[in-house]
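Colleague: Coordinates in upload31.cif, mmCIF, C-alpha atoms and all ligand atoms, are listed below.
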data_protein
loop_
_atom_site.label_atom_id
_atom_site.label_comp_id
_atom_site.auth_asym_id
_atom_site.auth_seq_id
_atom_site.Cartn_x
_atom_site.Cartn_y
_atom_site.Cartn_z
CA GLU R 1 119.45 217.18 -18.12
CA VAL R 2 116.75 218.50 -20.43
CA ILE R 3 113.24 217.42 -19.48
CA GLU R 4 110.85 217.24 -22.43
CA ALA R 5 107.44 218.32 -21.14
CA ASN R 6 105.22 218.69 -24.18
CA GLY R 7 101.58 218.36 -23.17
CA GLN R 8 102.49 217.64 -19.58
CA VAL R 9 101.27 219.29 -16.40
CA LEU R 10 103.67 220.82 -13.86
CA LEU R 11 102.42 220.65 -10.29
CA PRO R 12 103.83 221.44 -6.87
CA GLY R 13 105.26 218.23 -5.34
CA PHE R 14 102.57 216.14 -3.66
CA VAL R 15 102.30 215.99 0.12
CA ASP R 16 100.81 212.92 1.81
CA LEU R 17 99.44 213.50 5.29
CA HIS R 18 98.92 209.78 5.88
CA THR R 19 101.51 207.12 5.02
CA HIS R 20 102.41 203.92 6.89
CA LEU R 21 106.12 203.23 6.36
CA ARG R 22 106.32 200.31 8.86
CA GLU R 23 109.77 201.23 10.15
CA PRO R 24 110.52 200.36 12.90
CA GLY R 25 108.88 196.99 13.40
CA ARG R 26 107.60 195.59 10.11
CA GLU R 27 110.52 196.05 7.76
CA ASP R 28 109.40 192.87 5.99
CA THR R 29 106.53 194.91 4.47
CA GLU R 30 108.03 198.41 3.98
CA THR R 31 111.00 200.48 5.10
CA ILE R 32 111.70 204.20 5.01
CA ASP R 33 113.94 203.38 2.05
CA THR R 34 111.37 201.48 -0.06
CA GLY R 35 108.47 203.69 1.04
CA SER R 36 110.45 206.81 0.06
CA ALA R 37 111.04 205.30 -3.38
CA ALA R 38 107.31 204.60 -3.78
CA ALA R 39 106.58 208.17 -2.71
CA ALA R 40 109.04 209.74 -5.17
CA LEU R 41 107.69 207.59 -8.01
CA GLY R 42 104.16 208.63 -7.04
CA GLY R 43 105.08 212.32 -7.33
CA TYR R 44 105.44 213.03 -3.61
CA THR R 45 108.04 215.37 -2.13
CA ALA R 46 106.84 215.04 1.48
CA VAL R 47 105.03 212.33 3.44
CA PHE R 48 103.83 212.10 7.02
CA ALA R 49 104.75 208.71 8.47
CA MET R 50 102.07 207.34 10.78
CA ALA R 51 102.84 206.52 14.39
CA ASN R 52 101.53 202.93 14.62
CA THR R 53 104.96 201.38 14.26
CA ASP R 54 106.53 198.87 16.65
CA PRO R 55 107.65 200.43 18.94
CA VAL R 56 105.05 203.18 18.66
CA ALA R 57 106.34 206.64 17.67
CA ASP R 58 105.35 208.17 21.01
CA ASN R 59 108.71 209.67 22.01
CA ALA R 60 111.53 211.83 20.66
CA VAL R 61 113.93 208.91 20.10
CA ILE R 62 111.64 207.17 17.60
CA VAL R 63 110.43 210.28 15.76
CA ASP R 64 113.99 211.57 15.43
CA HIS R 65 115.11 208.21 14.05
CA VAL R 66 112.36 208.30 11.42
CA TRP R 67 113.17 211.89 10.48
CA ARG R 68 116.93 211.26 10.19
CA ARG R 69 116.45 208.04 8.23
CA GLY R 70 114.22 209.92 5.78
CA GLN R 71 116.88 212.59 5.31
CA GLU R 72 119.58 209.94 4.76
CA VAL R 73 117.51 208.27 2.06
CA GLY R 74 116.87 211.72 0.62
CA LEU R 75 114.07 210.90 -1.82
CA VAL R 76 111.23 212.59 0.05
CA ASP R 77 110.91 214.54 3.29
CA VAL R 78 109.62 212.05 5.86
CA HIS R 79 107.80 213.88 8.64
CA PRO R 80 107.05 211.57 11.53
CA VAL R 81 103.58 211.75 13.03
CA GLY R 82 103.79 211.50 16.81
CA ALA R 83 101.40 209.29 18.75
CA VAL R 84 98.89 211.23 20.84
CA THR R 85 99.07 208.69 23.65
CA VAL R 86 101.83 206.56 25.14
CA GLY R 87 101.36 203.35 23.17
CA LEU R 88 98.48 202.99 20.76
CA LYS R 89 95.13 202.98 22.54
CA GLY R 90 97.06 204.48 25.45
CA GLU R 91 95.36 206.01 28.46
CA LYS R 92 97.97 208.66 29.03
CA LEU R 93 98.94 211.60 26.77
CA ALA R 94 102.39 211.33 25.23
CA GLU R 95 104.84 214.18 25.68
CA LEU R 96 103.67 216.07 22.62
CA GLY R 97 105.82 219.09 23.49
CA THR R 98 109.03 217.06 23.60
CA MET R 99 108.32 215.63 20.15
CA ALA R 100 107.24 219.02 18.77
CA ASN R 101 110.57 220.51 19.90
CA SER R 102 112.82 217.58 19.03
CA GLN R 103 114.94 217.38 15.86
CA ALA R 104 111.98 215.99 13.90
CA ARG R 105 109.84 219.00 14.92
CA VAL R 106 106.66 216.93 14.93
CA LYS R 107 103.73 218.90 13.59
CA VAL R 108 100.99 216.28 13.45
CA PHE R 109 99.92 213.88 16.19
CA SER R 110 97.69 210.88 15.68
CA ASP R 111 96.91 207.49 17.06
CA ASP R 112 96.16 206.06 13.65
CA GLY R 113 95.28 202.46 13.88
CA LEU R 114 93.12 203.42 16.86
CA CYS R 115 91.28 206.62 17.61
CA VAL R 116 91.36 208.45 20.91
CA ALA R 117 88.05 207.12 22.22
CA ASP R 118 87.99 208.70 25.69
CA PRO R 119 86.43 212.18 25.34
CA LEU R 120 88.35 213.64 28.27
CA LEU R 121 91.66 212.45 26.85
CA MET R 122 90.73 213.84 23.43
CA ARG R 123 89.79 217.17 25.01
CA ARG R 124 93.14 217.38 26.81
CA ALA R 125 95.01 216.42 23.63
CA LEU R 126 93.23 219.19 21.71
CA GLU R 127 93.90 221.78 24.42
CA TYR R 128 97.57 220.78 24.54
CA SER R 129 97.80 220.95 20.74
CA THR R 130 96.46 224.53 20.73
CA ALA R 131 99.23 225.58 23.10
CA LEU R 132 101.85 223.91 20.88
CA ASP R 133 100.28 225.00 17.57
CA VAL R 134 100.27 221.44 16.23
CA VAL R 135 97.47 219.37 14.71
CA ILE R 136 95.64 216.37 16.12
CA ALA R 137 94.80 214.00 13.27
CA GLN R 138 92.03 211.73 14.43
CA HIS R 139 91.49 208.30 12.97
CA ALA R 140 87.74 208.67 13.17
CA GLU R 141 85.77 205.73 14.39
CA GLU R 142 84.10 204.91 17.66
CA PRO R 143 85.79 201.59 18.48
CA ARG R 144 82.96 200.42 20.72
CA LEU R 145 80.63 200.53 17.71
CA THR R 146 82.92 198.45 15.52
CA VAL R 147 83.77 195.48 17.73
CA GLY R 148 84.29 192.52 15.39
CA ALA R 149 83.24 194.59 12.37
CA GLN R 150 84.46 193.28 9.04
CA ALA R 151 82.79 195.45 6.41
CA HIS R 152 80.53 198.45 5.85
CA GLU R 153 77.18 197.79 7.53
CA GLY R 154 74.67 197.39 4.77
CA GLU R 155 72.99 194.96 2.44
CA ARG R 156 76.19 193.55 1.00
CA ALA R 157 77.83 192.75 4.34
CA ALA R 158 74.58 191.28 5.61
CA ARG R 159 74.34 188.97 2.61
CA LEU R 160 77.85 187.66 3.29
CA GLY R 161 77.23 187.34 7.03
CA TYR R 162 79.85 189.90 8.06
CA THR R 163 79.43 191.99 11.20
CA GLY R 164 78.63 195.48 10.00
CA TRP R 165 80.65 198.59 10.57
CA PRO R 166 78.10 201.39 10.78
CA ALA R 167 78.57 204.83 9.24
CA ALA R 168 77.53 206.18 12.64
CA ALA R 169 80.76 204.86 14.18
CA GLU R 170 82.64 207.42 12.12
CA GLU R 171 80.09 210.23 12.09
CA SER R 172 79.50 210.26 15.85
CA ILE R 173 83.22 210.62 16.65
CA VAL R 174 83.77 213.29 14.00
CA ALA R 175 80.83 215.30 15.37
CA ARG R 176 82.14 214.91 18.92
CA ASP R 177 85.68 215.91 17.98
CA CYS R 178 84.54 218.93 15.97
CA LEU R 179 82.67 220.19 19.02
CA LEU R 180 85.68 219.54 21.26
CA ALA R 181 88.02 221.26 18.78
CA LEU R 182 85.78 224.33 18.68
CA HIS R 183 85.70 224.34 22.48
CA ALA R 184 89.51 224.09 22.69
CA ASN R 185 90.06 226.46 19.75
CA ALA R 186 92.21 223.64 18.37
CA ARG R 187 93.00 222.49 14.85
CA LEU R 188 91.56 219.07 14.20
CA HIS R 189 92.34 216.97 11.13
CA VAL R 190 90.00 214.10 10.29
CA CYS R 191 91.73 211.10 8.73
CA HIS R 192 90.22 209.09 5.86
CA VAL R 193 86.64 210.31 5.74
CA SER R 194 84.53 207.50 4.30
CA THR R 195 80.84 208.32 4.61
CA SER R 196 78.42 210.80 3.14
CA GLY R 197 77.21 211.72 6.64
CA THR R 198 80.73 212.67 7.71
CA ALA R 199 80.89 215.16 4.84
CA ASP R 200 77.65 216.69 6.18
CA VAL R 201 79.09 216.88 9.71
CA LEU R 202 82.25 218.57 8.36
CA ALA R 203 80.25 221.13 6.39
CA TRP R 204 78.21 221.91 9.51
CA ALA R 205 81.32 222.20 11.71
CA LYS R 206 83.19 224.40 9.23
CA ASP R 207 80.12 226.59 8.95
CA ARG R 208 80.25 227.31 12.67
CA GLY R 209 83.94 228.24 12.49
CA THR R 210 85.56 225.02 13.65
CA LYS R 211 89.22 224.78 12.60
CA VAL R 212 88.73 221.33 11.12
CA SER R 213 90.29 219.86 8.00
CA ALA R 214 89.73 216.46 6.43
CA GLU R 215 91.26 214.01 4.01
CA VAL R 216 89.82 211.32 1.75
CA THR R 217 91.77 208.37 0.35
CA PRO R 218 91.91 207.53 -3.36
CA HIS R 219 90.31 204.15 -2.66
CA HIS R 220 87.28 205.70 -0.96
CA LEU R 221 86.82 207.95 -4.01
CA LEU R 222 86.85 205.02 -6.45
CA LEU R 223 86.00 201.72 -4.78
CA THR R 224 82.82 200.59 -3.04
CA ASP R 225 81.58 197.64 -1.00
CA GLU R 226 80.61 196.05 -4.29
CA ARG R 227 84.16 194.68 -4.03
CA LEU R 228 83.00 192.45 -1.15
CA ALA R 229 81.60 190.07 -3.73
CA THR R 230 85.14 189.13 -4.77
CA TYR R 231 85.92 187.80 -1.25
CA ASP R 232 89.44 189.14 -1.87
CA PRO R 233 90.95 190.62 1.34
CA VAL R 234 92.97 193.06 -0.77
CA ASN R 235 89.75 195.10 -0.52
CA LYS R 236 89.69 194.98 3.28
CA VAL R 237 90.56 198.40 4.67
CA ASN R 238 89.98 200.61 7.63
CA PRO R 239 87.53 202.43 7.36
CA PRO R 240 85.73 199.98 5.08
CA LEU R 241 84.81 200.61 1.46
CA ARG R 242 81.35 202.17 1.60
CA THR R 243 78.49 202.47 -0.91
CA GLU R 244 78.42 204.09 -4.35
CA SER R 245 76.41 207.01 -2.96
CA ASP R 246 79.05 207.56 -0.26
CA ALA R 247 81.85 207.59 -2.86
CA GLU R 248 79.88 210.00 -5.03
CA LYS R 249 79.35 212.36 -2.08
CA LEU R 250 83.07 212.17 -1.15
CA ARG R 251 84.04 213.19 -4.70
CA THR R 252 81.69 216.21 -4.59
CA ALA R 253 82.82 217.16 -1.08
CA LEU R 254 86.46 217.08 -2.24
CA ALA R 255 85.65 219.20 -5.29
CA GLU R 256 83.80 221.74 -3.13
CA GLY R 257 86.46 221.92 -0.40
CA VAL R 258 84.33 220.40 2.38
CA ILE R 259 87.00 217.71 2.31
CA ASP R 260 90.33 219.50 2.02
CA CYS R 261 92.72 217.01 0.54
CA VAL R 262 93.64 213.53 -0.64
CA ALA R 263 95.80 211.30 1.59
CA THR R 264 96.85 207.81 0.62
CA ASP R 265 96.70 205.84 3.91
CA HIS R 266 99.38 203.76 2.15
CA ALA R 267 99.26 200.56 4.25
CA PRO R 268 101.67 197.81 3.15
CA HIS R 269 100.97 194.29 4.41
CA ALA R 270 102.79 190.97 4.11
CA VAL R 271 101.40 188.31 1.77
CA GLN R 272 100.52 186.02 4.69
CA ASP R 273 98.48 188.82 6.31
CA LYS R 274 96.45 189.49 3.15
CA ASP R 275 96.35 186.18 1.32
CA THR R 276 94.16 184.55 3.94
CA GLU R 277 90.45 184.44 4.74
CA TRP R 278 88.63 187.77 4.93
CA THR R 279 88.07 187.80 8.69
CA ALA R 280 91.75 187.05 9.46
CA ALA R 281 93.25 189.47 6.94
CA ARG R 282 94.73 192.81 8.03
CA PRO R 283 93.08 196.00 6.80
CA GLY R 284 94.90 198.36 4.47
CA MET R 285 96.13 198.82 0.90
CA LEU R 286 99.06 200.39 -0.93
CA GLY R 287 98.49 203.92 -2.20
CA LEU R 288 101.57 206.05 -2.88
CA GLN R 289 102.20 205.06 -6.50
CA THR R 290 98.57 204.98 -7.60
CA ALA R 291 97.11 208.06 -5.87
CA LEU R 292 97.63 210.53 -8.72
CA SER R 293 96.08 208.15 -11.24
CA ILE R 294 93.02 207.46 -9.08
CA VAL R 295 92.53 211.21 -8.61
CA ALA R 296 92.91 211.69 -12.38
CA GLU R 297 90.34 208.94 -12.98
CA THR R 298 87.75 209.98 -10.37
CA MET R 299 88.16 213.77 -10.25
CA VAL R 300 89.78 215.05 -13.46
CA ARG R 301 88.18 212.75 -16.08
CA THR R 302 84.80 213.44 -14.49
CA GLY R 303 85.32 217.21 -14.67
CA LEU R 304 85.07 217.62 -10.88
CA LEU R 305 88.60 219.09 -10.63
CA ASP R 306 90.95 220.73 -13.09
CA TRP R 307 94.73 220.39 -12.64
CA ARG R 308 94.76 223.57 -10.57
CA GLY R 309 92.37 221.75 -8.24
CA VAL R 310 94.62 218.69 -8.18
CA ALA R 311 97.49 220.93 -7.02
CA ARG R 312 95.24 222.19 -4.24
CA VAL R 313 94.08 218.81 -2.91
CA MET R 314 97.34 216.87 -3.36
CA SER R 315 99.89 219.52 -2.44
CA GLU R 316 98.83 222.96 -1.25
CA ARG R 317 96.19 222.03 1.32
CA PRO R 318 98.05 219.07 2.84
CA ALA R 319 101.19 221.24 3.17
CA GLU R 320 99.16 223.92 4.96
CA ILE R 321 97.47 221.41 7.25
CA GLY R 322 100.81 219.78 8.08
CA ASN R 323 102.52 223.15 8.73
CA LEU R 324 105.11 222.67 5.97
CA ALA R 325 106.26 226.11 4.86
CA ASP R 326 108.54 224.73 2.13
CA GLN R 327 106.02 222.44 0.40
CA GLY R 328 102.82 222.97 -1.56
CA ARG R 329 104.05 226.31 -2.84
CA PRO R 330 102.87 227.87 -6.10
CA ILE R 331 105.14 227.39 -9.08
CA ALA R 332 106.75 230.83 -9.08
CA VAL R 333 110.07 232.61 -9.08
CA GLY R 334 111.82 232.22 -5.74
CA GLU R 335 109.74 229.26 -4.53
CA PRO R 336 111.46 225.99 -3.57
CA ALA R 337 111.60 223.60 -6.55
CA ASN R 338 109.53 220.80 -5.08
CA LEU R 339 107.81 219.79 -8.29
CA THR R 340 105.97 216.96 -10.01
CA LEU R 341 105.54 216.55 -13.73
CA VAL R 342 102.55 214.54 -14.91
CA ASP R 343 101.60 213.27 -18.34
CA PRO R 344 97.81 213.54 -18.16
CA ASP R 345 97.13 211.63 -21.38
CA ALA R 346 99.42 208.66 -20.81
CA GLU R 347 98.04 205.46 -19.24
CA TRP R 348 99.68 202.61 -17.38
CA THR R 349 98.71 199.20 -16.06
CA VAL R 350 99.11 198.58 -12.34
CA ARG R 351 101.18 195.53 -11.33
CA GLY R 352 101.65 195.11 -7.59
CA ALA R 353 104.88 193.19 -8.05
CA GLU R 354 106.38 196.10 -10.01
CA LEU R 355 105.65 198.75 -7.38
CA ALA R 356 108.58 199.98 -5.27
CA SER R 357 106.99 198.88 -1.99
CA ILE R 358 108.09 195.57 -0.50
CA ALA R 359 104.42 194.66 -0.12
CA ALA R 360 102.23 194.25 -3.20
CA ASN R 361 98.70 194.65 -1.78
CA THR R 362 97.19 196.95 -4.39
CA PRO R 363 93.46 196.79 -5.07
CA TYR R 364 94.11 198.11 -8.60
CA GLU R 365 96.00 195.05 -9.90
CA GLY R 366 95.70 194.84 -13.69
CA MET R 367 93.74 198.10 -13.99
CA ARG R 368 94.64 200.52 -16.73
CA LEU R 369 94.78 204.05 -15.27
CA PRO R 370 95.30 207.56 -16.62
CA GLY R 371 98.02 209.96 -15.42
CA VAL R 372 101.71 209.07 -15.38
CA VAL R 373 104.24 210.82 -13.11
CA THR R 374 107.20 211.50 -15.41
CA ALA R 375 109.47 213.44 -13.02
CA THR R 376 109.65 214.41 -9.36
CA LEU R 377 112.02 217.07 -8.02
CA LEU R 378 112.90 217.60 -4.37
CA ARG R 379 114.56 220.98 -3.82
CA GLY R 380 115.54 221.07 -7.47
CA ARG R 381 117.03 217.57 -7.56
CA LEU R 382 115.41 214.76 -9.59
CA THR R 383 114.19 211.99 -7.27
CA ALA R 384 112.21 210.07 -9.90
CA ARG R 385 112.24 210.15 -13.67
CA ASP R 386 110.18 208.04 -16.11
CA GLY R 387 109.31 205.41 -13.54
CA LYS R 388 112.80 205.07 -12.07
CA VAL R 389 114.18 206.37 -8.80
CA CYS R 390 117.11 208.76 -9.23
C1 LIG I 1 96.15 200.87 8.83
C2 LIG I 1 97.46 200.11 8.92
O1 LIG I 1 97.56 199.07 8.28
O2 LIG I 1 98.36 200.56 9.64
N1 LIG I 1 95.22 200.08 8.11
C3 LIG I 1 94.18 200.55 7.39
O3 LIG I 1 93.35 199.75 6.97
N2 LIG I 1 94.02 201.83 7.14
C4 LIG I 1 95.72 201.16 10.20
C5 LIG I 1 94.41 201.82 10.29
O4 LIG I 1 94.29 202.97 9.85
O5 LIG I 1 93.46 201.20 10.80
ZN ZN I 2 93.27 204.82 9.97
ZN ZN I 3 90.50 202.96 14.75
ZN ZN I 4 96.26 204.78 8.38
#
Taking this structure as input, can you express it in the form of structure tokens?
Modeller:
Amino acid sequence: EVIEANGQVLLPGFVDLHTHLREPGREDTETIDTGSAAAALGGYTAVFAMANTDPVADNAVIVDHVWRRGQEVGLVDVHPVGAVTVGLKGEKLAELGTMANSQARVKVFSDDGLCVADPLLMRRALEYSTALDVVIAQHAEEPRLTVGAQAHEGERAARLGYTGWPAAAEESIVARDCLLALHANARLHVCHVSTSGTADVLAWAKDRGTKVSAEVTPHHLLLTDERLATYDPVNKVNPPLRTESDAEKLRTALAEGVIDCVATDHAPHAVQDKDTEWTAARPGMLGLQTALSIVAETMVRTGLLDWRGVARVMSERPAEIGNLADQGRPIAVGEPANLTLVDPDAEWTVRGAELASIAANTPYEGMRLPGVVTATLLRGRLTARDGKVC
């Protein structure tokens, strides 16, 4: 097949360090099959599937199932993230070594959905990860500071009577974990950074030689707590949408490398879990098929990143952080053909019902966005072409 690429941009295939595929447990909202399709259409050639499934991915049987299912579907490499603890919010470390050495060769461990709150447990997890040369990806928030929290703590939440979710809940844990990572000589990855203060903490920690990396989601780059005024739970997410000054700082931090990469935190939810009152709704939003466009809108159109920079934050850095030797490689002779072709000038209108995910909870419904993925290749084979899965 001849691929016409006039005026288009060729990039290394995108790598998502943070995807919720919901299998096993919530196959009514997403499966490895449908999530892989969404990933391929979004330009991804590898995704890391979060561990907060049911049952939790805290053992070799589950992670190997996820890995094998991903290979069977064959649209994107699905790397399971192992849970740090037995069960989410667990009090005991999982057998990280068994998962790291199983067929799935787990490279990233996280308790996403709940952070490791106990400092001693976090310290032991970091020390263990150093020995295994894997990464602990911390969902950063101090849960005791967010009990009952429904939205970013500030004027807007106060006006609506919602319990606030302070920036300090995130910043205090990130500071603590950076210090523990430095102590353990461990690699720490901070999930979905959402506040300006966290960017300052990361810059400080990196400055002192901490091996810390961080991701930001497309929605935290674009959306703010101004969305609270809509009362629409599609905007409810963990961590919450913050202020305009936070979003602005996150965009600069990403451009400057203080934040290393973009990760979607793709979080499909059933209609009944979103189409309800704000306080009852589950947090999370879809992200795989809209990520490139939101990055184009917030980072490229604004001049903060050129396409070389997009390759860095969507492919090269996440592949490095996730220890994937075959992804995020420069486009060069002899490199694996994991590639994404993007039409930077084309625009499209987001329709949740038309996305490949089973769920439809996109906060961008009806928005016209720049940047269309026209082809995705996994090891030289087309996985998506002009909006259709191959
Ligand atoms: C995540 C999910 O739905 O699994 N939701 C979210 O808002 N990001 C879990 C989580 O990260 O809290
Ligand atoms: Zn999270
Ligand atoms: Zn949490
Ligand atoms: Zn998540």
Colleague: Can you work out which one of R:Pro283, R:Gly387, R:Gly148, R:Gly334 has the shortest atom-to-atom distance to ligand ZN 2 (chain I), counting only C-alpha atoms and all ligand atoms?
Modeller: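 Ranking R:Pro283, R:Gly387, R:Gly148, R:Gly334 by distance to ligand ZN 2 (chain I), first place goes to R:Pro283.
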Colleague: Using all atoms listed in the file, which of R:Ala104, R:Val2, R:Ala51, R:Leu223 sits nearest Arg242 (chain R)?
Modeller: R:Leu223
Colleague: Which value, in Å to one decimal, gives the distance between CA of Ala214 (chain R) and CA of Leu41 (chain R)?
Modeller: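 Rounded to one decimal, the two atoms are 24.7 Å apart.
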Colleague: So that I can see what lies close to region 155-158 of chain R, please list as a list in words the residues with an atom at most 12 Å from it, counting only C-alpha atoms and leaving out residues fewer than 4 positions away in the same chain.
Modeller: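 Contacts, in chain order: Ala149, Gln150, Ala151, Tyr162, Thr163, Gly164, Trp165, Pro166, Thr224, Asp225, Glu226, Arg227, Leu228, Ala229, Thr230, Tyr231, Pro240, Leu241, Arg242, Thr243 and Trp278 of chain R.
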Colleague: May I have the selected residues written with C-alpha atoms, as a PDB file, keeping the file's coordinate frame?
Modeller:
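What ended up in result_5.pdb:
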ATOM      1  CA  ALA R 149      83.240 194.590  12.370  1.00  0.00           C
ATOM      2  CA  GLN R 150      84.460 193.280   9.040  1.00  0.00           C
ATOM      3  CA  ALA R 151      82.790 195.450   6.410  1.00  0.00           C
ATOM      4  CA  TYR R 162      79.850 189.900   8.060  1.00  0.00           C
ATOM      5  CA  THR R 163      79.430 191.990  11.200  1.00  0.00           C
ATOM      6  CA  GLY R 164      78.630 195.480  10.000  1.00  0.00           C
ATOM      7  CA  TRP R 165      80.650 198.590  10.570  1.00  0.00           C
ATOM      8  CA  PRO R 166      78.100 201.390  10.780  1.00  0.00           C
ATOM      9  CA  THR R 224      82.820 200.590  -3.040  1.00  0.00           C
ATOM     10  CA  ASP R 225      81.580 197.640  -1.000  1.00  0.00           C
ATOM     11  CA  GLU R 226      80.610 196.050  -4.290  1.00  0.00           C
ATOM     12  CA  ARG R 227      84.160 194.680  -4.030  1.00  0.00           C
ATOM     13  CA  LEU R 228      83.000 192.450  -1.150  1.00  0.00           C
ATOM     14  CA  ALA R 229      81.600 190.070  -3.730  1.00  0.00           C
ATOM     15  CA  THR R 230      85.140 189.130  -4.770  1.00  0.00           C
ATOM     16  CA  TYR R 231      85.920 187.800  -1.250  1.00  0.00           C
ATOM     17  CA  PRO R 240      85.730 199.980   5.080  1.00  0.00           C
ATOM     18  CA  LEU R 241      84.810 200.610   1.460  1.00  0.00           C
ATOM     19  CA  ARG R 242      81.350 202.170   1.600  1.00  0.00           C
ATOM     20  CA  THR R 243      78.490 202.470  -0.910  1.00  0.00           C
ATOM     21  CA  TRP R 278      88.630 187.770   4.930  1.00  0.00           C
TER      22      TRP R 278
END
Colleague: Taking all atoms listed in the file into account, list the residues no farther than 9 Å from ligand LIG 1 (chain I), as a compact mmCIF listing (two decimals) with C-alpha atoms, keeping the file's coordinate frame.
Modeller:
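result_38.txt, freshly written:
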# COMPACT_ATOMS: atom_id res chain seq x y z
CA THR R 19 101.51 207.12 5.02
CA HIS R 20 102.41 203.92 6.89
CA LEU R 21 106.12 203.23 6.36
CA ARG R 22 106.32 200.31 8.86
CA MET R 50 102.07 207.34 10.78
CA ALA R 51 102.84 206.52 14.39
CA ASN R 52 101.53 202.93 14.62
CA THR R 53 104.96 201.38 14.26
CA ASP R 111 96.91 207.49 17.06
CA ASP R 112 96.16 206.06 13.65
CA GLY R 113 95.28 202.46 13.88
CA LEU R 114 93.12 203.42 16.86
CA CYS R 115 91.28 206.62 17.61
CA HIS R 139 91.49 208.30 12.97
CA CYS R 191 91.73 211.10 8.73
CA HIS R 192 90.22 209.09 5.86
CA LYS R 236 89.69 194.98 3.28
CA VAL R 237 90.56 198.40 4.67
CA ASN R 238 89.98 200.61 7.63
CA PRO R 239 87.53 202.43 7.36
CA PRO R 240 85.73 199.98 5.08
CA ASP R 265 96.70 205.84 3.91
CA HIS R 266 99.38 203.76 2.15
CA ALA R 267 99.26 200.56 4.25
CA PRO R 268 101.67 197.81 3.15
CA HIS R 269 100.97 194.29 4.41
CA ARG R 282 94.73 192.81 8.03
CA PRO R 283 93.08 196.00 6.80
CA GLY R 284 94.90 198.36 4.47
CA MET R 285 96.13 198.82 0.90
Colleague: Determine, counting only C-alpha atoms, every residue of protein, DNA or RNA that lies within 10 Å of (97.5, 211.8, 21.8) in the file coordinates, then give the result as an mmCIF file with C-alpha atoms, keeping the file's coordinate frame.
Modeller:
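point-v6.cif, written as the output of this step:
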data_model
loop_
_atom_site.group_PDB
_atom_site.id
_atom_site.type_symbol
_atom_site.label_atom_id
_atom_site.label_comp_id
_atom_site.auth_asym_id
_atom_site.auth_seq_id
_atom_site.Cartn_x
_atom_site.Cartn_y
_atom_site.Cartn_z
ATOM 1 C CA ASP R 58 105.350 208.170 21.010
ATOM 2 C CA GLY R 82 103.790 211.500 16.810
ATOM 3 C CA ALA R 83 101.400 209.290 18.750
ATOM 4 C CA VAL R 84 98.890 211.230 20.840
ATOM 5 C CA THR R 85 99.070 208.690 23.650
ATOM 6 C CA VAL R 86 101.830 206.560 25.140
ATOM 7 C CA GLY R 87 101.360 203.350 23.170
ATOM 8 C CA LEU R 88 98.480 202.990 20.760
ATOM 9 C CA LYS R 89 95.130 202.980 22.540
ATOM 10 C CA GLY R 90 97.060 204.480 25.450
ATOM 11 C CA GLU R 91 95.360 206.010 28.460
ATOM 12 C CA LYS R 92 97.970 208.660 29.030
ATOM 13 C CA LEU R 93 98.940 211.600 26.770
ATOM 14 C CA ALA R 94 102.390 211.330 25.230
ATOM 15 C CA GLU R 95 104.840 214.180 25.680
ATOM 16 C CA LEU R 96 103.670 216.070 22.620
ATOM 17 C CA PHE R 109 99.920 213.880 16.190
ATOM 18 C CA SER R 110 97.690 210.880 15.680
ATOM 19 C CA ASP R 111 96.910 207.490 17.060
ATOM 20 C CA CYS R 115 91.280 206.620 17.610
ATOM 21 C CA VAL R 116 91.360 208.450 20.910
ATOM 22 C CA LEU R 121 91.660 212.450 26.850
ATOM 23 C CA MET R 122 90.730 213.840 23.430
ATOM 24 C CA ARG R 123 89.790 217.170 25.010
ATOM 25 C CA ARG R 124 93.140 217.380 26.810
ATOM 26 C CA ALA R 125 95.010 216.420 23.630
ATOM 27 C CA LEU R 126 93.230 219.190 21.710
ATOM 28 C CA TYR R 128 97.570 220.780 24.540
ATOM 29 C CA SER R 129 97.800 220.950 20.740
ATOM 30 C CA ILE R 136 95.640 216.370 16.120
ATOM 31 C CA ALA R 137 94.800 214.000 13.270
ATOM 32 C CA GLN R 138 92.030 211.730 14.430
#
Colleague: Could you work out how far CA of Ala325 (chain R) lies from CA of Ala186 (chain R), giving the answer in Å with one decimal?
Modeller: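 Pair CA of Ala186 (chain R) / CA of Ala325 (chain R) returns 19.6 Å.
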Colleague: Report, as JSON, the centre and edge lengths in Å (one decimal) of the axis-aligned box enclosing every listed atom of region 249-268 of chain R, padded by 5 Å on each side.
Modeller:
{"center_x": 90.5, "center_y": 209.9, "center_z": -0.5, "size_x": 32.3, "size_y": 34.1, "size_z": 19.5}
Colleague: Using CA of Pro344 (chain R) and CA of Leu369 (chain R) as the two end points, give the distance in Å to one decimal.
Modeller: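 We find that CA of Pro344 (chain R) and CA of Leu369 (chain R) lie 10.4 Å from each other.
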Colleague: Of the residues R:Thr130, R:Thr217, R:Ser102, R:Thr29, which is the one nearest to ligand ZN 2 (chain I), using all atoms listed in the file?
Modeller: R:Thr217
Colleague: Which residue gives the smallest distance to Ala353 (chain R) among R:Asp177, R:Glu365, R:Glu23, R:Asp54, with only C-alpha atoms counted?
Modeller: R:Glu365
Colleague: For Val9 (chain R), find every residue with an atom within 9 Å (counting only C-alpha atoms), except residues of its own chain fewer than 6 positions away, and show them as a list of chain:residue names.
Modeller: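 Listing them by chain and then by number gives R:Trp307, R:Thr340, R:Leu341, R:Val342, R:Asp343, R:Pro344.
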Colleague: Could you check which of R:Val78, R:Ala311, R:Ala263, R:Val106 is closest to Leu288 (chain R), using all atoms listed in the file?
Modeller: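 Smallest distance to Leu288 (chain R) is found for R:Ala263.
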Colleague: Quick one: of R:Thr34, R:Thr264, R:Thr146, R:Asn6, who's nearest to ligand ZN 4 (chain I), counting only C-alpha atoms and all ligand atoms?
Modeller: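 With only C-alpha atoms and all ligand atoms as the atom set, the closest residue is R:Thr264.
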